Each structure stands twice: as C-alpha cells, then as structure tokens.
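The file entry-v1.txt comes next; it holds compact mmCIF, C-alpha atoms.
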# COMPACT_ATOMS: atom_id res chain seq x y z
CA MET F 1 -77.10 -24.87 6.70
CA GLN F 2 -77.60 -21.81 4.50
CA LEU F 3 -76.23 -19.64 7.31
CA ILE F 4 -73.11 -21.82 7.56
CA ARG F 5 -72.60 -21.66 3.81
CA GLY F 6 -73.00 -17.88 3.94
CA LEU F 7 -70.43 -17.58 6.69
CA MET F 8 -68.02 -19.78 4.75
CA MET F 9 -68.44 -17.66 1.63
CA PHE F 10 -67.88 -14.52 3.68
CA ARG F 11 -64.66 -15.98 5.04
CA LEU F 12 -63.51 -16.84 1.53
CA ASP F 13 -64.37 -13.36 0.20
CA PHE F 14 -62.65 -11.69 3.14
CA ARG F 15 -59.59 -13.88 2.64
CA GLN F 16 -59.47 -12.88 -1.03
CA PHE F 17 -59.77 -9.24 -0.03
CA ARG F 18 -56.89 -9.60 2.43
CA LEU F 19 -54.76 -11.31 -0.21
CA ALA F 20 -55.53 -8.55 -2.70
CA SER F 21 -54.69 -5.90 -0.12
CA ALA F 22 -51.43 -7.66 0.66
CA SER F 23 -50.73 -7.80 -3.06
CA LEU F 24 -51.22 -4.05 -3.36
CA ALA F 25 -48.89 -3.37 -0.45
CA ALA F 26 -46.27 -5.81 -1.74
CA CYS F 27 -46.52 -4.24 -5.19
CA LEU F 28 -45.67 -0.87 -3.75
CA LEU F 29 -42.96 -2.09 -1.41
CA LEU F 30 -41.18 -4.04 -4.14
CA ALA F 31 -40.25 -0.78 -5.75
CA GLY F 32 -38.04 0.21 -2.85
CA CYS F 33 -38.05 1.57 0.66
CA GLY F 34 -37.30 4.92 2.21
CA SER F 35 -38.03 7.20 5.11
CA ARG F 36 -41.03 9.50 5.13
CA SER F 37 -41.67 12.71 6.93
CA ASN F 38 -44.92 13.01 8.85
CA GLY F 39 -44.53 16.78 8.97
CA GLY F 40 -41.91 18.76 7.11
CA LEU F 41 -43.71 22.10 7.20
CA THR F 42 -41.94 23.70 10.14
CA PRO F 43 -40.94 27.11 8.72
CA VAL F 44 -37.25 27.94 8.40
CA ALA F 45 -35.84 31.40 9.02
CA GLY F 46 -35.01 32.13 5.40
CA THR F 47 -33.98 30.75 2.06
CA VAL F 48 -30.78 30.87 -0.01
CA PRO F 49 -29.72 32.69 -3.19
CA GLY F 50 -31.08 31.01 -6.30
CA ALA F 51 -33.94 29.28 -4.50
CA SER F 52 -37.52 29.70 -5.74
CA LYS F 53 -40.69 30.39 -3.80
CA VAL F 54 -44.12 28.93 -4.51
CA ASP F 55 -47.34 29.86 -2.69
CA VAL F 56 -49.85 27.03 -2.33
CA PHE F 57 -53.43 27.53 -1.17
CA ILE F 58 -55.03 24.60 0.63
CA ALA F 59 -58.65 23.56 1.13
CA THR F 60 -58.97 20.36 3.12
CA THR F 61 -61.32 18.01 4.91
CA ARG F 62 -58.43 16.82 7.06
CA GLU F 63 -58.40 17.36 10.81
CA PRO F 64 -56.08 20.11 12.09
CA SER F 65 -53.01 18.84 13.91
CA ASP F 66 -51.01 20.25 16.80
CA VAL F 67 -47.95 18.22 15.82
CA PRO F 68 -45.17 20.66 14.86
CA GLY F 69 -44.75 20.89 11.12
CA GLN F 70 -47.75 18.68 10.32
CA MET F 71 -50.60 21.23 10.16
CA PHE F 72 -53.22 18.58 9.24
CA ASN F 73 -53.30 14.85 9.91
CA GLY F 74 -55.01 11.97 8.12
CA GLU F 75 -58.27 12.00 10.08
CA ARG F 76 -61.56 13.53 8.97
CA ASP F 77 -62.97 16.90 9.94
CA GLN F 78 -66.55 18.00 9.38
CA ARG F 79 -65.45 21.42 8.18
CA ILE F 80 -63.51 22.60 5.17
CA ASN F 81 -60.30 24.04 6.55
CA TYR F 82 -57.98 26.48 4.80
CA ALA F 83 -54.26 27.15 4.81
CA ASP F 84 -51.63 29.10 2.91
CA VAL F 85 -48.07 27.81 2.62
CA THR F 86 -44.98 29.25 0.98
CA ILE F 87 -42.47 26.62 -0.13
CA SER F 88 -38.82 27.27 -0.87
CA ILE F 89 -37.41 25.08 -3.65
CA PRO F 90 -33.63 24.57 -3.84
CA PRO F 91 -31.66 26.26 -6.63
CA ASP F 92 -31.83 24.48 -9.97
CA SER F 93 -28.15 23.63 -9.64
CA ALA F 94 -28.95 21.57 -6.51
CA ARG F 95 -31.86 19.51 -7.83
CA LYS F 96 -33.23 17.74 -10.87
CA ILE F 97 -36.48 18.83 -12.47
CA GLY F 98 -39.22 16.51 -11.28
CA ASP F 99 -37.45 15.83 -8.00
CA VAL F 100 -38.79 16.70 -4.57
CA GLN F 101 -35.91 16.63 -2.12
CA MET F 102 -37.36 15.87 1.29
CA ALA F 103 -35.45 16.81 4.42
CA SER F 104 -34.06 14.00 6.56
CA SER F 105 -34.88 15.97 9.73
CA ASP F 106 -37.86 17.98 10.92
CA VAL F 107 -36.32 21.22 9.66
CA GLY F 108 -34.69 21.07 6.25
CA ASN F 109 -31.88 22.98 4.59
CA PRO F 110 -33.19 25.39 1.91
CA ALA F 111 -29.96 24.90 -0.05
CA THR F 112 -30.80 21.24 -0.67
CA ASP F 113 -34.36 20.55 0.52
CA PHE F 114 -37.91 21.65 -0.08
CA VAL F 115 -38.79 23.64 3.03
CA ALA F 116 -41.62 25.84 4.27
CA LEU F 117 -40.97 29.54 4.70
CA ARG F 118 -44.49 30.18 5.95
CA ALA F 119 -47.29 27.82 6.96
CA GLU F 120 -50.53 29.37 8.16
CA LYS F 121 -53.95 28.00 8.94
CA LEU F 122 -56.54 30.54 7.83
CA ASP F 123 -60.11 31.38 8.63
CA GLU F 124 -62.39 31.56 5.62
CA PRO F 125 -62.54 35.38 5.18
CA THR F 126 -58.74 35.65 5.30
CA ALA F 127 -58.36 32.78 2.85
CA VAL F 128 -60.77 34.38 0.39
CA LYS F 129 -59.03 37.76 0.54
CA ARG F 130 -55.58 36.28 -0.06
CA PHE F 131 -56.88 34.12 -2.87
CA HIS F 132 -58.44 37.13 -4.58
CA ASP F 133 -55.23 39.14 -4.25
CA ARG F 134 -53.23 36.33 -5.81
CA ILE F 135 -55.54 35.32 -8.64
CA ALA F 136 -55.85 38.94 -9.77
CA LYS F 137 -52.18 38.74 -10.78
CA THR F 138 -52.62 35.77 -13.14
CA PRO F 139 -53.08 36.38 -16.91
CA ARG F 140 -56.56 34.87 -17.19
CA HIS F 141 -57.41 34.64 -13.51
CA GLN F 142 -56.75 30.90 -13.58
CA VAL F 143 -56.81 28.45 -10.71
CA LEU F 144 -55.44 24.91 -10.87
CA VAL F 145 -57.21 22.54 -8.47
CA PHE F 146 -55.11 19.49 -7.71
CA VAL F 147 -56.52 16.36 -6.01
CA HIS F 148 -53.95 13.85 -4.79
CA GLY F 149 -54.30 10.09 -4.53
CA PHE F 150 -54.04 7.22 -2.07
CA ASN F 151 -51.48 7.09 0.74
CA THR F 152 -50.52 10.76 0.69
CA ARG F 153 -49.58 12.73 3.76
CA PHE F 154 -50.41 16.40 3.97
CA GLY F 155 -46.88 17.72 3.67
CA GLU F 156 -46.13 15.42 0.74
CA ALA F 157 -49.08 16.76 -1.24
CA VAL F 158 -48.06 20.37 -0.56
CA PHE F 159 -44.45 19.80 -1.63
CA ARG F 160 -45.48 17.95 -4.79
CA LEU F 161 -47.87 20.64 -5.96
CA ALA F 162 -45.20 23.25 -5.26
CA GLN F 163 -42.78 21.23 -7.40
CA ILE F 164 -45.24 20.97 -10.30
CA THR F 165 -45.94 24.69 -10.13
CA HIS F 166 -42.25 25.57 -10.19
CA ASP F 167 -41.04 23.08 -12.80
CA SER F 168 -43.95 23.70 -15.16
CA ASP F 169 -43.86 27.47 -14.64
CA ILE F 170 -47.63 27.42 -14.25
CA SER F 171 -49.32 30.80 -14.42
CA ALA F 172 -52.45 29.61 -12.58
CA VAL F 173 -52.87 29.84 -8.82
CA PRO F 174 -52.20 26.35 -7.39
CA LEU F 175 -54.97 25.21 -5.07
CA LEU F 176 -54.55 21.88 -3.31
CA PHE F 177 -57.70 20.02 -2.33
CA THR F 178 -56.46 17.44 0.12
CA TRP F 179 -58.72 14.80 1.60
CA PRO F 180 -58.01 12.67 4.70
CA SER F 181 -55.50 10.07 3.59
CA ARG F 182 -53.67 8.39 6.46
CA GLY F 183 -50.55 8.01 4.35
CA GLU F 184 -50.23 4.30 5.08
CA LEU F 185 -49.97 1.45 2.58
CA LEU F 186 -52.47 -0.73 4.43
CA ALA F 187 -55.04 2.04 4.89
CA TYR F 188 -56.46 1.63 1.38
CA THR F 189 -60.06 1.11 2.51
CA PHE F 190 -59.91 4.00 4.98
CA ASP F 191 -58.57 6.24 2.25
CA ARG F 192 -61.31 5.17 -0.14
CA GLU F 193 -64.01 5.96 2.41
CA SER F 194 -62.30 9.29 3.11
CA ALA F 195 -62.47 10.00 -0.61
CA ASN F 196 -66.22 9.34 -0.52
CA TYR F 197 -66.49 11.51 2.59
CA SER F 198 -64.82 14.43 0.79
CA ARG F 199 -66.69 14.54 -2.51
CA ASP F 200 -69.32 16.99 -1.22
CA ALA F 201 -66.59 19.33 -0.03
CA LEU F 202 -64.82 19.23 -3.40
CA GLU F 203 -68.08 19.94 -5.20
CA ALA F 204 -68.73 22.87 -2.86
CA LEU F 205 -65.25 24.21 -3.56
CA LEU F 206 -65.73 23.99 -7.33
CA GLN F 207 -69.17 25.59 -7.08
CA ARG F 208 -67.71 28.44 -5.07
CA LEU F 209 -64.93 28.99 -7.59
CA GLN F 210 -67.51 29.00 -10.39
CA ASN F 211 -69.58 31.64 -8.59
CA ASP F 212 -66.59 33.82 -7.72
CA PRO F 213 -66.35 36.80 -10.14
CA ALA F 214 -62.60 36.95 -9.50
CA VAL F 215 -62.08 33.51 -11.09
CA GLY F 216 -61.84 33.34 -14.87
CA GLU F 217 -60.81 29.71 -15.45
CA ILE F 218 -60.68 26.48 -13.47
CA ASP F 219 -58.45 23.54 -14.43
CA VAL F 220 -58.74 20.28 -12.51
CA LEU F 221 -56.02 17.68 -12.17
CA ALA F 222 -56.46 14.41 -10.27
CA HIS F 223 -54.38 11.30 -9.84
CA SER F 224 -55.29 7.69 -9.01
CA MET F 225 -57.80 7.58 -6.11
CA GLY F 226 -58.05 11.36 -6.32
CA SER F 227 -59.78 10.80 -9.66
CA TRP F 228 -62.61 9.07 -7.81
CA VAL F 229 -63.14 12.09 -5.55
CA THR F 230 -63.04 14.38 -8.57
CA VAL F 231 -65.40 12.46 -10.84
CA GLU F 232 -67.90 11.97 -8.01
CA ALA F 233 -67.86 15.70 -7.24
CA LEU F 234 -68.37 16.54 -10.91
CA ARG F 235 -71.18 13.99 -11.19
CA GLN F 236 -72.98 15.60 -8.27
CA MET F 237 -72.49 19.03 -9.81
CA GLY F 238 -73.91 17.80 -13.12
CA ILE F 239 -76.99 16.39 -11.45
CA ARG F 240 -77.52 19.45 -9.28
CA ASN F 241 -76.93 22.12 -11.94
CA LYS F 242 -77.86 20.15 -15.06
CA ARG F 243 -74.34 20.91 -16.28
CA LEU F 244 -70.78 21.30 -15.03
CA ALA F 245 -69.40 24.68 -14.04
CA PRO F 246 -68.72 26.60 -17.29
CA LYS F 247 -65.45 27.96 -15.91
CA ILE F 248 -63.99 24.45 -15.73
CA LYS F 249 -61.93 24.27 -18.92
CA TYR F 250 -60.02 21.01 -18.52
CA VAL F 251 -60.37 17.87 -16.40
CA MET F 252 -57.30 15.65 -16.35
CA LEU F 253 -57.27 12.18 -14.80
CA ALA F 254 -53.97 10.36 -14.45
CA ALA F 255 -54.00 6.60 -13.79
CA PRO F 256 -57.55 6.87 -12.43
CA ASP F 257 -58.38 4.22 -9.84
CA VAL F 258 -62.04 4.13 -10.82
CA ASP F 259 -64.30 1.23 -11.82
CA VAL F 260 -64.97 1.46 -15.56
CA ASP F 261 -68.69 0.64 -15.27
CA VAL F 262 -69.12 3.21 -12.53
CA PHE F 263 -67.26 5.80 -14.59
CA ARG F 264 -69.58 5.18 -17.54
CA ARG F 265 -72.55 6.02 -15.32
CA GLN F 266 -70.79 8.99 -13.73
CA ILE F 267 -69.83 10.60 -17.02
CA SER F 268 -73.34 10.18 -18.44
CA GLU F 269 -74.89 11.86 -15.41
CA MET F 270 -72.68 14.92 -15.85
CA GLY F 271 -74.54 15.77 -19.05
CA VAL F 272 -73.20 16.44 -22.52
CA ASP F 273 -72.21 20.03 -21.85
CA ARG F 274 -68.93 19.29 -20.10
CA PRO F 275 -65.29 20.34 -20.55
CA PRO F 276 -62.72 18.16 -22.32
CA PHE F 277 -61.60 15.15 -20.33
CA THR F 278 -58.13 13.68 -20.81
CA ILE F 279 -57.39 10.26 -19.32
CA PHE F 280 -53.97 8.64 -19.11
CA VAL F 281 -54.07 4.85 -19.20
CA SER F 282 -51.47 2.10 -19.10
CA GLN F 283 -51.83 -1.65 -19.21
CA SER F 284 -48.45 -1.84 -17.49
CA ASP F 285 -49.73 -0.35 -14.25
CA ASP F 286 -49.14 -2.96 -11.52
CA ALA F 287 -50.66 -0.77 -8.82
CA LEU F 288 -53.96 -0.67 -10.72
CA ARG F 289 -53.73 -4.42 -11.30
CA ALA F 290 -53.57 -4.90 -7.54
CA SER F 291 -56.46 -2.48 -7.06
CA ARG F 292 -58.45 -4.49 -9.60
CA LYS F 293 -58.04 -7.59 -7.41
CA ILE F 294 -59.28 -5.70 -4.38
CA TRP F 295 -62.39 -4.62 -6.27
CA GLY F 296 -63.50 -8.08 -7.38
CA ASP F 297 -61.46 -8.25 -10.59
CA ARG F 298 -63.31 -5.28 -12.07
CA PRO F 299 -61.25 -3.21 -14.55
CA ARG F 300 -59.84 0.09 -13.32
CA LEU F 301 -60.22 2.99 -15.72
CA GLY F 302 -56.51 3.80 -15.74
CA GLY F 303 -55.51 0.27 -16.69
CA VAL F 304 -57.73 -0.51 -19.68
CA ASN F 305 -56.73 -1.07 -23.30
CA PRO F 306 -58.51 1.73 -25.20
CA ASP F 307 -58.37 -0.31 -28.43
CA LYS F 308 -60.65 -2.99 -27.02
CA GLU F 309 -64.39 -2.93 -26.51
CA PRO F 310 -66.27 -1.73 -24.63
CA TYR F 311 -63.63 0.88 -23.82
CA ARG F 312 -63.11 2.09 -27.36
CA THR F 313 -66.80 2.87 -27.78
CA LEU F 314 -67.03 4.37 -24.29
CA PHE F 315 -64.26 6.87 -24.93
CA LYS F 316 -65.49 7.70 -28.43
CA GLU F 317 -69.09 8.30 -27.42
CA ALA F 318 -68.10 10.30 -24.35
CA LYS F 319 -65.63 12.35 -26.44
CA ILE F 320 -62.83 11.64 -24.02
CA ASN F 321 -59.19 12.16 -25.00
CA VAL F 322 -57.20 9.04 -24.17
CA VAL F 323 -53.43 8.86 -23.95
CA ASP F 324 -52.08 5.30 -23.83
CA LEU F 325 -48.63 5.22 -22.26
CA SER F 326 -48.31 1.44 -22.05
CA GLY F 327 -45.32 1.43 -24.38
CA ILE F 328 -43.15 3.81 -22.37
CA ALA F 329 -40.12 2.20 -20.76
CA THR F 330 -39.19 3.81 -17.44
CA ASP F 331 -37.48 2.86 -14.20
CA ASP F 332 -40.86 2.76 -12.48
CA ARG F 333 -41.33 -0.90 -11.56
CA LEU F 334 -45.01 -0.38 -10.82
CA GLY F 335 -45.91 1.23 -14.11
CA HIS F 336 -48.08 3.61 -12.11
CA SER F 337 -45.99 6.63 -13.05
CA THR F 338 -44.92 5.94 -16.62
CA PHE F 339 -45.49 9.52 -17.62
CA ALA F 340 -43.11 11.84 -19.45
CA GLU F 341 -39.96 12.28 -17.42
CA SER F 342 -38.36 14.87 -19.65
CA PRO F 343 -37.66 18.33 -18.19
CA ASP F 344 -38.65 19.78 -21.59
CA ILE F 345 -42.13 18.32 -21.20
CA VAL F 346 -42.55 19.70 -17.71
CA ARG F 347 -41.48 23.14 -18.86
CA SER F 348 -43.85 23.08 -21.84
CA ILE F 349 -46.96 22.59 -19.71
CA GLY F 350 -47.17 25.98 -18.05
CA ALA F 351 -46.40 27.81 -21.28
CA ARG F 352 -49.27 26.12 -23.12
CA LEU F 353 -51.75 26.59 -20.27
CA ALA F 354 -50.73 30.23 -20.10
CA ARG F 355 -51.74 30.65 -23.76
CA GLY F 356 -55.06 28.97 -23.13
CA GLN F 357 -54.36 26.47 -25.87
CA ASP F 358 -56.84 23.61 -26.08
CA PHE F 359 -55.50 20.07 -26.13
CA THR F 360 -56.82 19.66 -29.67
CA ASP F 361 -56.04 23.11 -31.06
CA LYS F 362 -54.72 23.27 -34.62
CA GLY F 363 -50.96 23.62 -34.50
CA GLY F 364 -50.84 22.54 -30.87
CA ILE F 365 -49.67 19.32 -29.40
CA GLY F 366 -52.68 17.54 -30.85
CA ASP F 367 -51.02 17.93 -34.24
CA LYS F 368 -47.45 17.52 -33.15
CA ILE F 369 -48.12 14.32 -31.28
CA THR F 370 -48.73 12.54 -34.55
CA GLN F 371 -45.19 13.24 -35.69
CA ALA F 372 -42.89 10.36 -34.77
CA THR F 373 -39.78 12.48 -34.56
CA THR F 374 -37.20 13.26 -31.93
CA SER F 375 -38.17 16.91 -31.81
CA VAL F 376 -41.75 16.03 -30.92
CA ALA F 377 -40.63 14.26 -27.78
CA SER F 378 -39.34 17.51 -26.34
CA THR F 379 -42.61 19.35 -26.95
CA VAL F 380 -45.15 16.74 -25.88
CA GLY F 381 -47.24 17.77 -22.94
CA SER F 382 -49.99 20.05 -24.16
CA THR F 383 -52.35 17.20 -24.99
CA ALA F 384 -51.86 15.88 -21.50
CA GLY F 385 -51.77 19.33 -20.07
CA LEU F 386 -50.61 19.21 -16.51
CA VAL F 387 -51.33 15.51 -16.20
CA ILE F 388 -48.14 14.44 -17.95
CA SER F 389 -45.92 15.71 -15.18
CA ALA F 390 -48.30 15.11 -12.30
CA PRO F 391 -47.92 11.37 -11.84
CA LEU F 392 -44.15 11.85 -12.00
CA ALA F 393 -44.39 14.65 -9.49
CA ILE F 394 -47.11 13.25 -7.26
CA VAL F 395 -47.46 9.52 -7.80
CA ASP F 396 -49.89 9.48 -4.90
CA GLY F 397 -47.48 11.44 -2.76
CA ARG F 398 -46.07 8.45 -0.92
CA THR F 399 -44.56 6.85 -3.99
CA ARG F 400 -41.40 8.86 -3.63
CA ASP F 401 -40.68 6.53 -0.75
CA SER F 402 -41.83 3.33 -2.39
CA LEU F 403 -40.02 4.16 -5.62
CA GLY F 404 -36.99 5.79 -4.04
CA ASP F 405 -34.63 7.35 -6.51
CA GLN F 406 -36.50 5.86 -9.46
CA ILE F 407 -39.04 8.66 -9.83
CA ASN F 408 -36.21 11.16 -9.57
CA SER F 409 -34.56 9.73 -12.67
CA VAL F 410 -35.65 12.30 -15.18
CA GLY F 411 -34.58 11.32 -18.66
CA SER F 412 -33.04 13.91 -20.91
CA GLY F 413 -33.50 11.74 -23.99
CA ALA F 414 -37.27 11.92 -24.32
CA ALA F 415 -37.25 10.48 -27.80
CA ASP F 416 -35.62 7.29 -26.57
CA SER F 417 -38.22 6.96 -23.82
CA PHE F 418 -41.23 7.66 -25.99
CA GLY F 419 -40.24 5.84 -29.16
CA SER F 420 -42.82 6.19 -31.88
CA ILE F 421 -45.64 8.63 -31.13
CA THR F 422 -48.84 8.16 -33.07
CA THR F 423 -52.52 8.94 -32.84
CA VAL F 424 -54.84 6.14 -33.98
CA GLY F 425 -58.60 6.18 -33.59
CA GLY F 426 -58.46 9.12 -31.21
CA VAL F 427 -56.04 7.37 -28.86
CA THR F 428 -52.60 8.90 -28.48
CA ARG F 429 -49.86 6.28 -28.24
CA TYR F 430 -46.21 6.32 -27.32

Any chance you could put this one into structure tokens?
Amino acid sequence: MQLIRGLMMFRLDFRQFRLASASLAACLLLAGCGSRSNGGLTPVAGTVPGASKVDVFIATTREPSDVPGQMFNGERDQRINYADVTISIPPDSARKIGDVQMASSDVGNPATDFVALRAEKLDEPTAVKRFHDRIAKTPRHQVLVFVHGFNTRFGEAVFRLAQITHDSDISAVPLLFTWPSRGELLAYTFDRESANYSRDALEALLQRLQNDPAVGEIDVLAHSMGSWVTVEALRQMGIRNKRLAPKIKYVMLAAPDVDVDVFRRQISEMGVDRPPFTIFVSQSDDALRASRKIWGDRPRLGGVNPDKEPYRTLFKEAKINVVDLSGIATDDRLGHSTFAESPDIVRSIGARLARGQDFTDKGGIGDKITQATTSVASTVGSTAGLVISAPLAIVDGRTRDSLGDQINSVGSGAADSFGSITTVGGVTRY
C-alpha cells in the first residue's frame, strides 16, 4: 500500500512538473514567434563602409560541430574548447542600438546583418597567445567574462556579446564562456544539468585568468540560468582558495534564476573577502515566476521583493547591491528583460568601466541614481555596470525570437521609462 501511495505521489509530482514546464514554455511563446538560426557564423568575404568589427574570444564546454556556420552545438564535451570570432556589425544608420539583426539565410548581408568575418576554432596555445596580444592593448588589461542563460544557441551568444561590446564601447576584452544549452524551450532540465556540468570549467577559467600576469582585472556578467553557473563556480573557488580571485572586481547577476536559500549558502561559502555583487531583481518577471513553479514554488533570486524579509536582511548582511526594476514599464511581456533600453545608458557603461569607477564611488552613478530627474535617466548604468544592457542584449539569447521586435524597441525617452529613481535602504528603485 505504501508503494502504491508513493507511486501515486510521484505521478502527481511529475504531473506538476510537466505543467510548470509547459507554463514556462507558454510564457515565452506568448511574447511572440520568430525564426532562429542554428548557425549564422559562416564567414562572409568582407564587410561594408561604416560597419564595425568586434573580436570575441570563446571558451566553451560545448561539443564541436561540423555543421557549416555552427562551430559548436548544444551537447557536452569533456574538454574546454576555444575559438576566436570576428563579428561585423552593420553601420549605425542601418540598426538601432541594442538590436541584433540576424540574417534570414545562412550567410548574411554585412550592410544589414550581424555576420562573421572570421570564425576559428583554436588549440589552447594559440588561444593564449592571441588573448595576450589583445589584452595588452586594453587600458587596464581588463577582461569581461560573460555567461549566457537558458535556451541559447552558440551563434546567438556570440552575436549578443559582440553587440554589447560595440554598443557599450567596452574597453575590456570580451570573453564568452558558453555552456551546452540546446537552445530549445522544452530543454530546461537539460540546460540546468549542463550548467551544473560546466561549473568546474568556469572556475578553472577564472582561476587561470587570476594566475595570468597579463590580466589586470576580471569583470563577470551573468544572466538568468548563467547566474547559477557563475555563482557555483565562485563558491567552489571560495572554498578551494579561502577567497575569490582578487582580480575579480565586479560580479553582476541579471534576473538570476537561482534558489534564494541556495544562494544564501553559496554566498556565505565564498567568504567575506569578495568583490561587489550587483543583482537586478523584478517582481514582474513572468519567466522567473514559471521557473519558481518548476522548482517547487521556491523563490528565484531575480524575482524577490528586496523590501521584504528575509531578503532585505540577506542583501544587507551580504553587502549586495540590489537594483529593483519592478516599476519599469517596457514592451517586454515577460518582464524578464525590463532593463534600461536607452542608447544613452548602453553608451555610458563602457566609459565608466574604462575609468575603473566603482558602482558606489562618490560622484558616480551611486550618487546620481538618487536624483529623480530627467537628466539622470540618460546617465544611469554605472551602478548596474554592464548588467543594465545585458538582459536587453542577451535575454538568454533565444528571447530575440520569443520577444520578436519587442526587445529591439529601444526607448529614447529614458526618463519616461524609468519614472522616479530613488535609493531606499540600499535598494535602487526605478
């Protein structure tokens, strides 16, 4: 009888899981439909006048692919593989800031589309040499490590990081850590296990950057499920080294799809000697609501109300910067990418990172964010650092398709979008 009851409970739990998974997929699909490229990195012969070029380094636990233009698929490899890609971005007159214009065919038009000019898989010695040559040209020998989220294909992640680098005018070397996401809405559990699979590799990458004399500063940006990979890697580093890598200056988590209780344990195990963390939360995030259902109705870190306990105490004691964007009105039906859509904000990010300005520096955005004025809206972004533009630019890679033209609607009236900007109890509000 107990066995029968157990089987019945299992069936009920599994049914609830399936319903929650369906809810997540429906949530994403409600925002719109569109075609997706499963490659897009077939190099074109050349670019056009006015186009920009961005070099993106890649470290990945994905399996190499022989499919033309794909480079790496969504399956897992036991090695860390390396690549170097040069992306051509259409002239500013042919695109909106924040927009990634994907080609409708395998080979795009550099006048209108993001296209690859060069796409090379590298062995480790070649990758290291090229990385050293490139980082030597940056002002403070900075590297920006970006970790994408759920349902992101390889080419999508490359194009999005190229877009962030260009639009923000980032001075750091962009380094994409891409884990094996299948790029499918219903592959949530596979993606989560792939994230777990890749945390050792991300830690090893960060350790190597820390030990590399050529590297002066490491900034880490992660979004949604990519935040889980990142926090797990940092937790392991904290346990192993009794501290995080000193060269890591900022850790930025946007809409983190992480269990709050687990995060509390993770952050404590990193130790007290850790870099500033900035977390962007929103109670209007429908994607995180669906994720919460999948995980047994446990709160997701990116969807909490930082005014309420136990979250308020958690953030205060852990000295975590929290930016609550619940009040921002955007065209994003999911609320998973309600992050500054102003071109002025995107442009301000690279300039502030280039100066090495802390998120809380006197006279920086930490001060300006308390001013509820129109002019502030055009300079917001330093507190969030790169995170502000990332969810707009990345939104888990695939969201360009699920949101369609909505994420490409970049508002020029930032003040109207942000409304009143205040800082209360250490939580920045819009």

task: Would you kindly return, as a list in words, each protein, DNA or RNA residue with an atom no farther than 8 Å from any atom of Asn38 in chain F, considering only C-alpha atoms and excluding same-chain residues fewer than 3 positions away?
output: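 The residues satisfying every condition are Gln70, Arg153 and Gly155 of chain F.
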
query: Restricting the calculation to only C-alpha atoms, which member of F:Ser227, F:Gln236, F:Asn151, F:Gln142 is positioned closest to Lys249 in chain F?
result: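 Nearest to Lys249 in chain F: F:Gln142.
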
message: Calculated over all atoms listed in the file, which of the candidates F:Lys247, F:Arg298, F:Lys129, F:Arg264 has the smallest distance to Leu209 in chain F?
response: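 The answer is F:Lys247, which sits nearest to Leu209 in chain F.
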
Within 12 Å of range 76-83 of chain F: each range 134-178 of chain F residue with its shortest pair, all atoms listed in the file, as a tab-separated table:
residue	atom	partner	partner_atom	distance
F:Phe154	CA	F:Ala83	CA	11.4
F:Val158	CA	F:Ala83	CA	10.6
F:Leu175	CA	F:Ala83	CA	10.1
F:Leu176	CA	F:Ala83	CA	9.7
F:Phe177	CA	F:Tyr82	CA	9.6
F:Thr178	CA	F:Asn81	CA	10.0

- prompt: Which is closer to Asn109 in chain F than all the others in F:Ala201, F:Ala94, F:Ala290, F:Ala136, using only C-alpha atoms?
  reply: F:Ala94

Output as CSV one row per residue of range 49-94 of chain F within 9 Å of range 117-120 of chain F: the closest atom pair and its distance in Å to one decimal place, counting all atoms listed in the file, sorted by chain and residue number ascending.
residue,atom,partner,partner_atom,distance
F:Lys53,CA,F:Leu117,CA,8.5
F:Gly69,CA,F:Ala119,CA,8.5
F:Met71,CA,F:Ala119,CA,8.0
F:Tyr82,CA,F:Glu120,CA,8.7
F:Ala83,CA,F:Glu120,CA,5.5
F:Asp84,CA,F:Glu120,CA,5.4
F:Val85,CA,F:Ala119,CA,4.4
F:Thr86,CA,F:Arg118,CA,5.1
F:Ile87,CA,F:Leu117,CA,5.8
F:Ser88,CA,F:Leu117,CA,6.4

Output of the above residues as a compact mmCIF listing (two decimals), keeping the file's coordinate frame, restricted to C-alpha atoms:
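Output file out23.txt is given in full below:
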# COMPACT_ATOMS: atom_id res chain seq x y z
CA LYS F 53 -40.69 30.39 -3.80
CA GLY F 69 -44.75 20.89 11.12
CA MET F 71 -50.60 21.23 10.16
CA TYR F 82 -57.98 26.48 4.80
CA ALA F 83 -54.26 27.15 4.81
CA ASP F 84 -51.63 29.10 2.91
CA VAL F 85 -48.07 27.81 2.62
CA THR F 86 -44.98 29.25 0.98
CA ILE F 87 -42.47 26.62 -0.13
CA SER F 88 -38.82 27.27 -0.87

field: Point-to-point distance in Å for CA of Leu314 in chain F and CA of Thr278 in chain F
entry: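 Distance reported for this atom pair: 13.3 Å.
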
task: With only C-alpha atoms counted, which protein, DNA or RNA residues have an atom no more than 7 Å from (-62.6, 19.7, -11.1) in the file frame? Please answer as a ChimeraX atom specification.
output: /F:145,206,219-221,230,234,248,251

May I have the selected residues written with C-alpha atoms, as a tab-separated table (two decimals), in the coordinates of the input?
chain	number	residue	atom	x	y	z
F	145	VAL	CA	-57.21	22.54	-8.47
F	206	LEU	CA	-65.73	23.99	-7.33
F	219	ASP	CA	-58.45	23.54	-14.43
F	220	VAL	CA	-58.74	20.28	-12.51
F	221	LEU	CA	-56.02	17.68	-12.17
F	230	THR	CA	-63.04	14.38	-8.57
F	234	LEU	CA	-68.37	16.54	-10.91
F	248	ILE	CA	-63.99	24.45	-15.73
F	251	VAL	CA	-60.37	17.87	-16.40

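Relative to CA of Gln163 in chain F, CA of Pro213 in chain F is found at 28.4 Å.
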
message: Considering all atoms listed in the file, can you say which of F:Asp259, F:Ala204, F:Asp307, F:Thr152 comes closest to Lys293 in chain F?
response: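 Looking only at the distances to Lys293 in chain F, the closest residue turns out to be F:Asp259.
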
field: F:Val100, F:Val304, F:Val143, F:Ile279 ranked by distance to Val323 in chain F, top pick (using only C-alpha atoms)
entry: F:Ile279
